[in-house]
$ cat upload-v8.csv   # CSV, C-alpha atoms (C1' of nucleotides)
chain,number,residue,atom,x,y,z
A,1,MET,CA,-88.4,-32.3,29.3
A,2,PRO,CA,-89.6,-30.5,32.4
A,3,GLU,CA,-89.4,-26.7,32.3
A,4,LEU,CA,-91.1,-24.4,34.8
A,5,PRO,CA,-94.7,-25.2,33.8
A,6,GLU,CA,-94.1,-28.9,34.1
A,7,VAL,CA,-92.3,-28.6,37.4
A,8,GLU,CA,-95.1,-26.4,38.8
A,9,THR,CA,-97.6,-29.0,37.7
A,10,VAL,CA,-95.7,-31.8,39.4
A,11,ARG,CA,-95.4,-29.6,42.5
A,12,ARG,CA,-99.2,-29.2,42.7
A,13,GLY,CA,-99.7,-32.9,42.1
A,14,LEU,CA,-97.3,-33.9,44.9
A,15,ARG,CA,-99.0,-31.5,47.3
A,16,LYS,CA,-102.4,-33.2,46.6
A,17,LEU,CA,-101.0,-36.7,46.7
A,18,VAL,CA,-98.4,-36.9,49.5
A,19,GLN,CA,-98.5,-33.7,51.6
A,20,GLY,CA,-98.7,-34.8,55.3
A,21,SER,CA,-97.4,-38.3,54.7
A,22,ARG,CA,-94.6,-39.7,56.9
A,23,ILE,CA,-91.6,-41.4,55.4
A,24,THR,CA,-90.9,-44.8,56.9
A,25,GLU,CA,-88.0,-45.8,54.7
A,26,VAL,CA,-86.1,-44.5,51.7
A,27,GLU,CA,-84.7,-47.0,49.1
A,28,ILE,CA,-82.0,-45.7,46.8
A,29,MET,CA,-81.3,-47.9,43.8
A,30,TYR,CA,-79.0,-45.4,42.0
A,31,PRO,CA,-76.9,-43.6,44.6
A,32,LYS,CA,-75.4,-41.2,42.0
A,33,MET,CA,-78.8,-39.5,41.8
A,34,ILE,CA,-78.2,-38.3,45.4
A,35,GLU,CA,-75.7,-35.4,45.7
A,36,GLY,CA,-73.8,-35.9,49.0
A,37,ASP,CA,-74.0,-39.0,51.2
A,38,SER,CA,-76.9,-41.2,50.0
A,39,ARG,CA,-77.0,-43.3,53.2
A,40,GLU,CA,-77.3,-40.2,55.3
A,41,PHE,CA,-80.0,-39.0,52.9
A,42,ALA,CA,-82.0,-42.2,53.6
A,43,THR,CA,-81.5,-42.3,57.4
A,44,THR,CA,-82.2,-38.6,57.9
A,45,LEU,CA,-85.5,-38.8,56.1
A,46,ARG,CA,-86.8,-41.8,58.0
A,47,GLY,CA,-89.6,-40.8,60.2
A,48,LYS,CA,-90.0,-37.3,58.7
A,49,VAL,CA,-93.3,-35.8,57.5
A,50,LEU,CA,-93.5,-34.3,54.1
A,51,GLU,CA,-95.1,-31.0,55.1
A,52,ASP,CA,-95.1,-29.0,51.9
A,53,VAL,CA,-93.7,-28.9,48.3
A,54,ASP,CA,-92.3,-25.6,47.1
A,55,ARG,CA,-90.6,-24.7,43.8
A,56,ARG,CA,-87.8,-22.3,42.8
A,57,GLY,CA,-87.3,-22.1,39.1
A,58,LYS,CA,-87.1,-25.7,37.9
A,59,PHE,CA,-86.1,-27.0,41.3
A,60,LEU,CA,-88.6,-28.8,43.5
A,61,LEU,CA,-88.2,-28.2,47.3
A,62,LEU,CA,-89.7,-31.0,49.3
A,63,ARG,CA,-90.2,-29.6,52.9
A,64,PHE,CA,-89.9,-32.2,55.6
A,65,SER,CA,-90.4,-31.9,59.4
A,66,ASP,CA,-87.5,-31.1,61.7
A,67,GLY,CA,-86.2,-28.5,59.2
A,68,TRP,CA,-85.1,-30.7,56.3
A,69,THR,CA,-85.6,-30.0,52.6
A,70,VAL,CA,-84.9,-32.2,49.6
A,71,VAL,CA,-83.9,-30.1,46.6
A,72,SER,CA,-84.9,-32.1,43.6
A,73,HIS,CA,-84.3,-31.4,39.9
A,74,LEU,CA,-86.0,-33.5,37.3
A,75,ARG,CA,-83.6,-32.4,34.5
A,76,MET,CA,-84.6,-34.2,31.3
A,77,GLU,CA,-87.0,-37.0,32.1
A,78,GLY,CA,-87.4,-37.2,35.9
A,79,LYS,CA,-90.9,-37.9,37.2
A,80,TYR,CA,-92.6,-38.6,40.5
A,81,PHE,CA,-95.6,-40.9,40.9
A,82,VAL,CA,-97.3,-42.7,43.8
A,83,GLU,CA,-98.1,-46.4,43.9
A,84,LYS,CA,-99.1,-49.0,46.4
A,85,LYS,CA,-96.2,-50.9,48.0
A,86,GLY,CA,-95.9,-54.2,46.2
A,87,ALA,CA,-96.9,-52.8,42.8
A,88,PRO,CA,-94.4,-53.8,40.1
A,89,ILE,CA,-91.3,-51.6,40.1
A,90,ARG,CA,-91.0,-50.0,36.7
A,91,LYS,CA,-87.7,-49.9,34.9
A,92,HIS,CA,-85.8,-46.7,35.6
A,93,THR,CA,-87.2,-46.3,39.1
A,94,HIS,CA,-84.2,-45.0,41.1
A,95,VAL,CA,-85.5,-43.8,44.5
A,96,ILE,CA,-88.5,-45.0,46.5
A,97,PHE,CA,-89.9,-43.1,49.5
A,98,ASN,CA,-92.0,-45.6,51.6
A,99,LEU,CA,-95.0,-43.8,53.2
A,100,ASP,CA,-96.7,-44.7,56.5
A,101,ASP,CA,-100.1,-45.4,54.7
A,102,GLY,CA,-98.7,-48.2,52.6
A,103,ARG,CA,-98.1,-46.2,49.5
A,104,GLN,CA,-94.7,-45.3,47.9
A,105,LEU,CA,-93.6,-42.1,46.3
A,106,ARG,CA,-91.4,-43.3,43.5
A,107,TYR,CA,-88.9,-41.3,41.4
A,108,ASN,CA,-88.4,-42.5,37.9
A,109,ASP,CA,-85.8,-41.2,35.4
A,110,VAL,CA,-84.9,-42.8,32.1
A,111,ARG,CA,-81.8,-40.7,31.5
A,112,LYS,CA,-80.6,-40.7,35.1
A,113,PHE,CA,-79.9,-37.0,34.8
A,114,GLY,CA,-82.1,-35.9,37.7
A,115,ARG,CA,-80.5,-35.0,41.1
A,116,MET,CA,-81.6,-34.8,44.7
A,117,ARG,CA,-79.9,-33.2,47.6
A,118,LEU,CA,-80.8,-33.1,51.3
A,119,ILE,CA,-80.2,-29.8,53.1
A,120,LYS,CA,-81.3,-27.9,56.1
A,121,THR,CA,-84.4,-25.8,55.3
A,122,GLY,CA,-83.4,-22.2,54.7
A,123,SER,CA,-80.0,-23.0,53.4
A,124,GLU,CA,-81.2,-23.5,49.9
A,125,THR,CA,-80.5,-19.9,49.1
A,126,GLN,CA,-76.8,-20.7,49.7
A,127,LEU,CA,-76.7,-23.6,47.2
A,128,PRO,CA,-74.7,-22.3,44.1
A,129,SER,CA,-77.3,-23.8,41.8
A,130,LEU,CA,-80.2,-21.9,43.4
A,131,LYS,CA,-78.2,-18.8,44.3
A,132,LYS,CA,-77.5,-17.9,40.7
A,133,LEU,CA,-81.2,-18.1,39.7
A,134,GLY,CA,-82.8,-15.1,38.3
A,135,PRO,CA,-86.4,-13.9,39.1
A,136,GLU,CA,-89.4,-16.1,38.7
A,137,PRO,CA,-91.2,-15.2,35.4
A,138,VAL,CA,-94.1,-13.4,37.1
A,139,ALA,CA,-94.8,-9.6,37.0
A,140,ALA,CA,-94.2,-9.2,40.7
A,141,ASP,CA,-90.6,-10.5,40.5
A,142,PHE,CA,-89.5,-10.1,36.9
A,143,LYS,CA,-88.8,-6.4,36.1
A,144,VAL,CA,-88.3,-5.3,32.6
A,145,ALA,CA,-85.7,-2.6,33.5
A,146,ALA,CA,-83.4,-5.1,35.2
A,147,PHE,CA,-83.9,-7.6,32.4
A,148,TYR,CA,-82.9,-4.9,29.8
A,149,GLN,CA,-79.9,-3.9,31.8
A,150,GLY,CA,-78.8,-7.5,32.2
A,151,LEU,CA,-79.2,-8.1,28.4
A,152,GLN,CA,-77.2,-5.0,27.6
A,153,LYS,CA,-74.2,-6.4,29.4
A,154,LYS,CA,-74.2,-9.6,27.3
A,155,LYS,CA,-72.8,-10.1,23.8
A,156,LYS,CA,-73.8,-13.7,23.4
A,157,ALA,CA,-77.0,-14.8,21.5
A,158,ILE,CA,-80.3,-14.3,23.2
A,159,LYS,CA,-81.3,-18.0,23.1
A,160,PRO,CA,-78.4,-19.3,25.3
A,161,ALA,CA,-78.8,-16.3,27.5
A,162,LEU,CA,-82.4,-17.2,28.2
A,163,LEU,CA,-81.5,-20.8,28.9
A,164,ASP,CA,-78.9,-19.7,31.5
A,165,GLN,CA,-81.5,-19.1,34.2
A,166,ASN,CA,-79.6,-16.0,35.4
A,167,LEU,CA,-81.7,-13.3,33.8
A,168,VAL,CA,-85.0,-15.1,34.4
A,169,THR,CA,-85.6,-18.6,35.6
A,170,GLY,CA,-87.8,-21.4,34.2
A,171,LEU,CA,-87.3,-21.3,30.5
A,172,GLY,CA,-86.0,-24.4,28.6
A,173,ASN,CA,-85.5,-25.2,25.0
A,174,ILE,CA,-89.2,-25.4,24.1
A,175,TYR,CA,-90.4,-22.2,25.7
A,176,VAL,CA,-87.4,-20.2,24.6
A,177,ASP,CA,-88.2,-21.1,20.9
A,178,GLU,CA,-91.8,-20.1,21.5
A,179,VAL,CA,-91.2,-16.8,23.3
A,180,LEU,CA,-88.6,-15.7,20.7
A,181,TRP,CA,-91.1,-16.6,17.9
A,182,MET,CA,-93.8,-14.7,19.6
A,183,SER,CA,-91.5,-11.7,20.1
A,184,LYS,CA,-90.2,-11.8,16.4
A,185,ILE,CA,-86.6,-12.1,17.7
A,186,HIS,CA,-84.0,-14.3,15.9
A,187,PRO,CA,-82.5,-16.7,18.4
A,188,GLN,CA,-78.9,-15.7,17.4
A,189,THR,CA,-79.5,-12.0,18.0
A,190,PRO,CA,-76.8,-10.7,20.3
A,191,CYS,CA,-78.4,-9.7,23.6
A,192,ASN,CA,-77.0,-6.2,23.5
A,193,HIS,CA,-78.5,-5.6,20.0
A,194,LEU,CA,-82.0,-5.8,21.4
A,195,THR,CA,-83.9,-2.5,21.8
A,196,GLN,CA,-85.9,-1.5,24.8
A,197,ALA,CA,-89.0,-2.2,22.8
A,198,ASP,CA,-87.8,-5.7,21.9
A,199,VAL,CA,-87.0,-6.4,25.5
A,200,GLN,CA,-90.4,-5.1,26.7
A,201,ILE,CA,-92.2,-7.4,24.3
A,202,LEU,CA,-90.0,-10.4,25.1
A,203,HIS,CA,-90.5,-9.8,28.9
A,204,ASP,CA,-94.3,-9.7,28.5
A,205,ASN,CA,-94.3,-12.8,26.3
A,206,ILE,CA,-92.2,-14.8,28.8
A,207,ILE,CA,-94.7,-14.0,31.6
A,208,GLN,CA,-97.7,-14.7,29.4
A,209,GLU,CA,-96.5,-17.9,27.8
A,210,LEU,CA,-95.3,-19.6,31.0
A,211,ALA,CA,-98.5,-18.7,32.7
A,212,ARG,CA,-100.6,-20.1,29.9
A,213,ALA,CA,-98.4,-23.3,29.9
A,214,VAL,CA,-98.9,-23.7,33.7
A,215,GLU,CA,-102.6,-23.3,33.1
A,216,ALA,CA,-102.5,-26.1,30.5
A,217,GLY,CA,-100.6,-28.4,32.8
A,218,GLY,CA,-97.3,-28.2,30.9
A,219,THR,CA,-96.1,-29.6,27.6
A,220,THR,CA,-95.6,-33.3,26.8
A,221,ILE,CA,-93.1,-33.8,24.0
A,222,ARG,CA,-91.4,-37.0,24.7
A,223,SER,CA,-92.3,-38.4,28.1
A,224,TYR,CA,-93.4,-35.8,30.6
A,225,THR,CA,-96.3,-36.7,32.9
A,226,ASP,CA,-97.3,-35.1,36.2
A,227,ALA,CA,-97.6,-36.8,39.6
A,228,PHE,CA,-101.0,-38.2,38.5
A,229,GLN,CA,-99.3,-39.6,35.4
A,230,ASN,CA,-101.3,-37.2,33.2
A,231,GLU,CA,-99.7,-35.7,30.1
A,232,GLY,CA,-99.6,-31.9,29.7
A,233,GLY,CA,-101.9,-30.1,27.2
A,234,PHE,CA,-99.7,-27.2,26.0
A,235,GLN,CA,-98.0,-29.2,23.1
A,236,PHE,CA,-101.1,-28.4,21.1
A,237,GLU,CA,-100.4,-24.7,21.6
A,238,LEU,CA,-96.8,-24.6,20.2
A,239,GLN,CA,-96.2,-22.4,17.2
A,240,ALA,CA,-92.6,-22.9,16.3
A,241,TYR,CA,-90.9,-25.7,18.5
A,242,GLN,CA,-90.5,-28.8,16.4
A,243,LYS,CA,-92.5,-27.3,13.5
A,244,THR,CA,-89.7,-27.6,11.0
A,245,GLY,CA,-91.0,-27.2,7.4
A,246,GLN,CA,-94.5,-26.3,8.6
A,247,PRO,CA,-95.8,-22.8,7.7
A,248,CYS,CA,-95.3,-20.0,10.2
A,249,PRO,CA,-98.7,-19.3,11.8
A,250,ARG,CA,-98.1,-15.6,11.1
A,251,CYS,CA,-96.6,-15.3,7.6
A,252,GLN,CA,-96.8,-18.9,6.2
A,253,THR,CA,-93.0,-19.0,5.6
A,254,PRO,CA,-91.7,-22.5,6.5
A,255,ILE,CA,-90.2,-22.8,10.0
A,256,GLU,CA,-86.5,-23.6,9.9
A,257,ARG,CA,-84.3,-25.6,12.3
A,258,ILE,CA,-80.8,-24.5,13.2
A,259,VAL,CA,-78.4,-25.3,16.1
A,260,VAL,CA,-77.8,-22.5,18.6
A,261,GLY,CA,-75.6,-23.2,21.6
A,262,GLN,CA,-75.7,-26.9,20.8
A,263,ARG,CA,-79.5,-26.9,21.0
A,264,GLY,CA,-82.0,-27.6,18.3
A,265,THR,CA,-83.7,-24.3,17.5
A,266,HIS,CA,-86.8,-23.5,15.6
A,267,PHE,CA,-87.7,-20.1,14.1
A,268,CYS,CA,-89.4,-18.3,11.2
A,269,PRO,CA,-86.7,-16.9,8.9
A,270,ASN,CA,-89.1,-14.2,7.8
A,271,CYS,CA,-90.6,-12.9,11.1
A,272,GLN,CA,-87.4,-13.4,13.1
A,273,GLN,CA,-84.3,-11.8,11.5
A,274,VAL,CA,-80.9,-11.2,13.1
A,275,LYS,CA,-80.2,-7.6,14.1
B,1,DT,C1',-66.1,-12.4,34.4
B,2,DC,C1',-67.9,-14.1,30.3
B,3,DC,C1',-68.3,-17.5,27.0
B,4,DT,C1',-67.9,-22.1,24.8
B,5,DG,C1',-67.5,-27.0,24.7
B,6,DT,C1',-68.2,-31.3,26.9
B,7,DA,C1',-69.9,-34.9,30.1
B,8,DC,C1',-73.6,-37.1,32.1
B,9,DC,C1',-77.4,-40.9,30.3
B,10,DT,C1',-80.8,-43.9,27.5
B,11,DG,C1',-84.1,-44.8,24.0
B,12,DA,C1',-85.8,-43.7,19.5
B,13,DA,C1',-84.8,-42.9,14.9
B,14,DA,C1',-81.9,-42.9,11.0
B,15,DG,C1',-78.4,-44.9,8.3
B,16,DC,C1',-76.2,-48.8,6.3
C,1,DT,C1',-83.5,-57.9,9.7
C,2,DG,C1',-80.0,-56.4,12.7
C,3,DC,C1',-76.3,-53.7,13.9
C,4,DT,C1',-74.2,-49.0,14.5
C,5,DT,C1',-74.5,-44.2,14.8
C,6,DT,C1',-76.7,-39.9,15.7
C,7,DC,C1',-79.7,-37.1,18.3
C,8,DA,C1',-82.5,-35.3,22.1
C,9,DG,C1',-81.3,-31.6,26.2
C,10,DG,C1',-80.6,-29.1,31.7
C,11,DT,C1',-77.0,-28.4,34.4
C,12,DA,C1',-72.2,-28.6,36.2
C,13,DC,C1',-67.7,-28.0,35.3
C,14,DA,C1',-63.3,-27.2,32.8
C,15,DG,C1',-60.7,-24.2,30.2
C,16,DG,C1',-59.8,-20.3,27.0

$ encode --input "upload-v8.csv" --output "structure tokens"
Amino acid sequence: MPELPEVETVRRGLRKLVQGSRITEVEIMYPKMIEGDSREFATTLRGKVLEDVDRRGKFLLLRFSDGWTVVSHLRMEGKYFVEKKGAPIRKHTHVIFNLDDGRQLRYNDVRKFGRMRLIKTGSETQLPSLKKLGPEPVAADFKVAAFYQGLQKKKKAIKPALLDQNLVTGLGNIYVDEVLWMSKIHPQTPCNHLTQADVQILHDNIIQELARAVEAGGTTIRSYTDAFQNEGGFQFELQAYQKTGQPCPRCQTPIERIVVGQRGTHFCPNCQQVK
DNA sequence: TCCTGTACCTGAAAGC
DNA sequence: TGCTTTCAGGTACAGG
């Protein structure tokens, strides 16, 4: 399930593999994957060069010539890979970008949750889904004072607040459980109960954890692979996520699983207590 | 405005 | 063994 580190790893892979390639044809097998007119999506991209691949939060921004951008979200199980034209089409391949060198950039998505949208480059900041995104989880953008103020205005639990993408972007279910464990904060703690000291620790752990996960090439739990079809390495670093019944690495108390905001949630009942 | 619940999807695992 | 049910979760959207 791609979160920021996985999307960043895909972005880097796509840059290496297909930057500079020209699209000769786009085949769309599952039109619902395309937001807006899927035929227009295909005809507009014909002849365009993929000039760069950017990222905002968990959204990939594929930059094409003549001022076009494809905004792509992998959601749960979306993945891109490159194969030669004529190679067997795998099950769950929904969009194929034919390239001028005989290769194909293929988008595969078992759950069909992923979405793509074609927009004019520069207008992505006006898309509601991108407009609402909080800062990137890096020290230059993500400021602890604004984070604390944002949390003080919320009464809901910290876990769904972090999954919202409004206060900071890039966290998903795995990394939220991890950073809350690292910060000794119970996932059901109301946001406005957190002290400045709690928020400072949480802020620093979010930056540190996501940077480490990017370095490791992301986390593979179910099916994630990057554009080279490599799995991530960060699943071996997880301390709490999916560790139900296993001893907490800090205090040896068994990790528990509860449901918070309809999401499976893993925490240490000793280290992480509700305030 | 904020918050909660649900739909979208399929495959794996669990239950019978 | 084979069928049915439950679960996994990121985002958009509806409704309170």

$ interface_residues --input "upload-v8.csv" --of "chain A" --to "chain C" --cutoff "12 Å" --atoms "only C-alpha atoms (C1' of nucleotides)" --output "ChimeraX atom specification"
/A:1-4,58-59,73-78,111,113-115,128-130,160,163-165,170-174,221-223,242,261-265

$ closest_atom_pairs --input "upload-v8.csv" --of "chain B" --to "chain A" --cutoff "10 Å" --atoms "all atoms listed in the file" --output "Markdown table"
| residue | atom | partner | partner_atom | distance |
| --- | --- | --- | --- | --- |
| B:DC2 | C1' | A:Lys154 | CA | 8.3 |
| B:DC3 | C1' | A:Lys156 | CA | 7.6 |
| B:DT4 | C1' | A:Gly261 | CA | 8.4 |
| B:DG5 | C1' | A:Gln262 | CA | 9.1 |
| B:DC8 | C1' | A:Phe113 | CA | 6.9 |
| B:DC9 | C1' | A:Arg111 | CA | 4.6 |
| B:DT10 | C1' | A:Arg111 | CA | 5.2 |
| B:DG11 | C1' | A:Val110 | CA | 8.4 |

$ residues_around --input "upload-v8.csv" --residues "Thr44 of chain A" --least-positions-apart "3" --cutoff "10 Å" --atoms "all atoms listed in the file" --output "PDB file with C-alpha atoms, in the coordinates of the input"
ATOM      1  CA  GLU A  25     -88.000 -45.800  54.700  1.00  0.00           C
ATOM      2  CA  VAL A  26     -86.100 -44.500  51.700  1.00  0.00           C
ATOM      3  CA  SER A  38     -76.900 -41.200  50.000  1.00  0.00           C
ATOM      4  CA  ARG A  39     -77.000 -43.300  53.200  1.00  0.00           C
ATOM      5  CA  GLU A  40     -77.300 -40.200  55.300  1.00  0.00           C
ATOM      6  CA  PHE A  41     -80.000 -39.000  52.900  1.00  0.00           C
ATOM      7  CA  GLY A  47     -89.600 -40.800  60.200  1.00  0.00           C
ATOM      8  CA  LYS A  48     -90.000 -37.300  58.700  1.00  0.00           C
ATOM      9  CA  ASP A  66     -87.500 -31.100  61.700  1.00  0.00           C
ATOM     10  CA  TRP A  68     -85.100 -30.700  56.300  1.00  0.00           C
ATOM     11  CA  LEU A 118     -80.800 -33.100  51.300  1.00  0.00           C
TER      12      LEU A 118
END

$ residues_around --input "upload-v8.csv" --residues "Gln273 of chain A" --least-positions-apart "3" --cutoff "8 Å" --atoms "only C-alpha atoms (C1' of nucleotides)" --output "list in words"
Lys184, Ile185, His186, Pro269 and Asn270 of chain A

$ atom_distance --input "upload-v8.csv" --atom1 "atom CA of Ile258 of chain A" --atom2 "atom CA of Glu178 of chain A"
14.5 Å

$ atom_distance --input "upload-v8.csv" --atom1 "atom CA of Leu14 of chain A" --atom2 "atom CA of Ile207 of chain A"
24.1 Å

$ atom_distance --input "upload-v8.csv" --atom1 "atom CA of Cys191 of chain A" --atom2 "atom CA of Ala161 of chain A"
7.7 Å

$ closest_residue --input "upload-v8.csv" --among "A:Glu83, A:Glu124, A:Glu35, A:Glu27" --to "Phe97 of chain A" --atoms "all atoms listed in the file"
A:Glu27

$ residues_around --input "upload-v8.csv" --residues "Val199 of chain A" --least-positions-apart "2" --cutoff "9 Å" --atoms "all atoms listed in the file" --output "PyMOL selection string"
chain A and resi 144-145+147-148+151+183+194-197+201-204

$ residues_around --input "upload-v8.csv" --residues "Pro137 of chain A" --least-positions-apart "5" --cutoff "7 Å" --atoms "all atoms listed in the file" --output "PyMOL selection string"
chain A and resi 142+168-169+206-207
